[in-house]
Amino acid sequence: MSCCWLALPLAAGVSSVDKQRLINLFAAICAITVFGFALGLMFPLLALIMEKRGISSDIIGYNTAMAPLGIMLSVFTTPALVRRFGAKAATIAAALATGTIILIYPYLNVFWWWFGLRMLQGFFVSTLFAISEAWVVRFAEGPYRSRILALYTSVLAASFGGGPALISLTGIDTVLPFVIGAFFLAIATVPIFFVRDENIDDKDEAPLSVIGFVRKGPIILTAVLMFAIIDAANLSFLPVYGVKKGMDQATASLALTAFIVGNIVLQFPVGWLADHFRKRWVMAGCGIVTASASALIPLSFGSWVFWPLLTVAGAASAGIYTVSLAELGERFSGHELVTGMASISTTWGTGALLGSLVAGWSMQGFGPDGLPYSMALIFALFLVVMLAREYRKNP
């Protein structure tokens, strides 16, 4: 996939790391980004199908919320699965199970079945992301950590953006996009076989405690929560927003691609800033940009400014996630790092659940523009909370 170009920057940026560690890092990134393509496809695909069937925005939001609910539930079983079967086996099984679920969707036309399917999909998705991102953060250690993680976030964003772009080519009226998504999920299992580090399978490792980690990294988790809210809201509702504002389906799907594409170009500068300046202030800057760009989206609709605003909003919000991963890897290692990744996975699920619900409610109650305005308000609140905490620590 698109992560092949990552090898040279990694080799140049982490020259002191041995060959196997680079292979581990490269394999984990490849697996998770190919998986991201399938997920980036499913969020808008299911939302557009339901919107075409005349299902209301709030019901679409409830349905979308089932995937993050499954992610939240998986934190209670993923550690046991890893200890019982090993990290690689658990990850491969999760990818294959998700591919099977995707193939089932078009054959269960009564959309109420999709609530259960999406919960199962979220459950299996969380296993792959928690393990693979723990590998990525661990093997990216060193002075270039933030930039390596920025490149990872860029490649992951490219894979997510490929999903909505595919919809503009295949449409939503056949099983073709579902078949393509399942195919790429099967491909995602191949790089996992090249990972040669199984420390995550430590038999003596205590169960992961999300609640216990909250006290150690509250701002990290809050930042991930904010990113997940806007990520899930826009993945599910930005194409619907475009359709309701008068776009055709193909153009509305490309609006989501525009939201994601900024991550490809702009994540590395965010990583550079995080490697050279205090990470909390880089987070705050990303939050300010995200809130401002989101608030301006309704005012710019119908003009050329709309597209770069989507790109900037997407890049800045993803930058918060990049910096959060970098701070996690900088502050924690070993068991605490794995616990942190499990906490992040659960927090992302919680944020995605809230994002889906808030987006559905805001569009149902205030019209299409309720989506970007609610996102702007949420990020403004995040800035207030973070700056207040920083002030209390350093008055």
# chains A, B, ... in the order shown; residues from 1 in each chain; ligands from 1
>>> residues_around(residues="Arg53 (chain A)", least_positions_apart="5", cutoff="12 Å", atoms="only C-alpha atoms", output="PyMOL selection string")
chain A and resi 46-48+59-60+109-111+172-173
>>> residues_around(residues="Thr350 (chain A)", least_positions_apart="2", cutoff="10 Å", atoms="only C-alpha atoms", output="JSON, numbers by chain")
{"A": [65, 68, 69, 70, 71, 72, 224, 225, 226, 228, 229, 344, 345, 346, 347, 348, 352, 353, 354, 355]}
>>> closest_atom_pairs(of="region 297-370 of chain A", to="region 134-137 of chain A", cutoff="9 Å", atoms="only C-alpha atoms", output="tab-separated table")
residue	atom	partner	partner_atom	distance
A:Leu325	CA	A:Val137	CA	6.9
A:Ala326	CA	A:Val137	CA	7.5
A:Leu328	CA	A:Val137	CA	8.1
A:Gly329	CA	A:Val137	CA	5.8
A:Leu337	CA	A:Ala134	CA	7.2
A:Val338	CA	A:Ala134	CA	6.0
A:Gly340	CA	A:Ala134	CA	8.6
A:Met341	CA	A:Ala134	CA	5.9
A:Ala342	CA	A:Ala134	CA	8.5
>>> residues_around(residues="Phe213 (chain A)", least_positions_apart="2", cutoff="10 Å", atoms="only C-alpha atoms", output="mmCIF file with C-alpha atoms, in the first residue's frame")
data_model
loop_
_atom_site.group_PDB
_atom_site.id
_atom_site.type_symbol
_atom_site.label_atom_id
_atom_site.label_comp_id
_atom_site.auth_asym_id
_atom_site.auth_seq_id
_atom_site.Cartn_x
_atom_site.Cartn_y
_atom_site.Cartn_z
ATOM 1 C CA LEU A 208 -4.675 -3.815 31.300
ATOM 2 C CA SER A 209 -6.240 -1.173 33.543
ATOM 3 C CA VAL A 210 -7.752 1.759 31.695
ATOM 4 C CA ILE A 211 -9.008 3.435 34.855
ATOM 5 C CA ARG A 215 -4.429 9.454 36.539
ATOM 6 C CA LYS A 216 -1.083 9.225 34.743
ATOM 7 C CA GLY A 217 -2.067 10.648 31.372
ATOM 8 C CA PRO A 218 -5.323 12.620 31.582
ATOM 9 C CA LEU A 221 -6.488 10.678 26.868
ATOM 10 C CA GLU A 336 2.767 1.017 31.028
ATOM 11 C CA LEU A 337 3.077 1.637 27.282
ATOM 12 C CA THR A 339 -1.616 -0.162 29.161
ATOM 13 C CA GLY A 340 -1.524 3.316 27.639
ATOM 14 C CA MET A 341 -2.330 1.990 24.165
ATOM 15 C CA ALA A 342 -5.246 0.001 25.559
ATOM 16 C CA SER A 343 -6.427 3.168 27.315
ATOM 17 C CA ILE A 344 -6.097 5.155 24.089
#
>>> select_by_dssp(residues="region 4-135 of chain A", states="alpha helix (DSSP H)", output="PyMOL selection string")
chain A and resi 7-13+19-52+57-64+66-74+78-85+87-104+113-135
>>> closest_residue(among="A:Ile29, A:Leu169, A:Thr222, A:Leu39", to="Arg389 (chain A)", atoms="only C-alpha atoms")
A:Thr222
>>> atom_distance(atom1="CA of Ser74 (chain A)", atom2="CA of Ser356 (chain A)")
18.6 Å
>>> closest_residue(among="A:Arg21, A:Arg196, A:Arg331, A:Lys279", to="Ala223 (chain A)", atoms="only C-alpha atoms")
A:Lys279
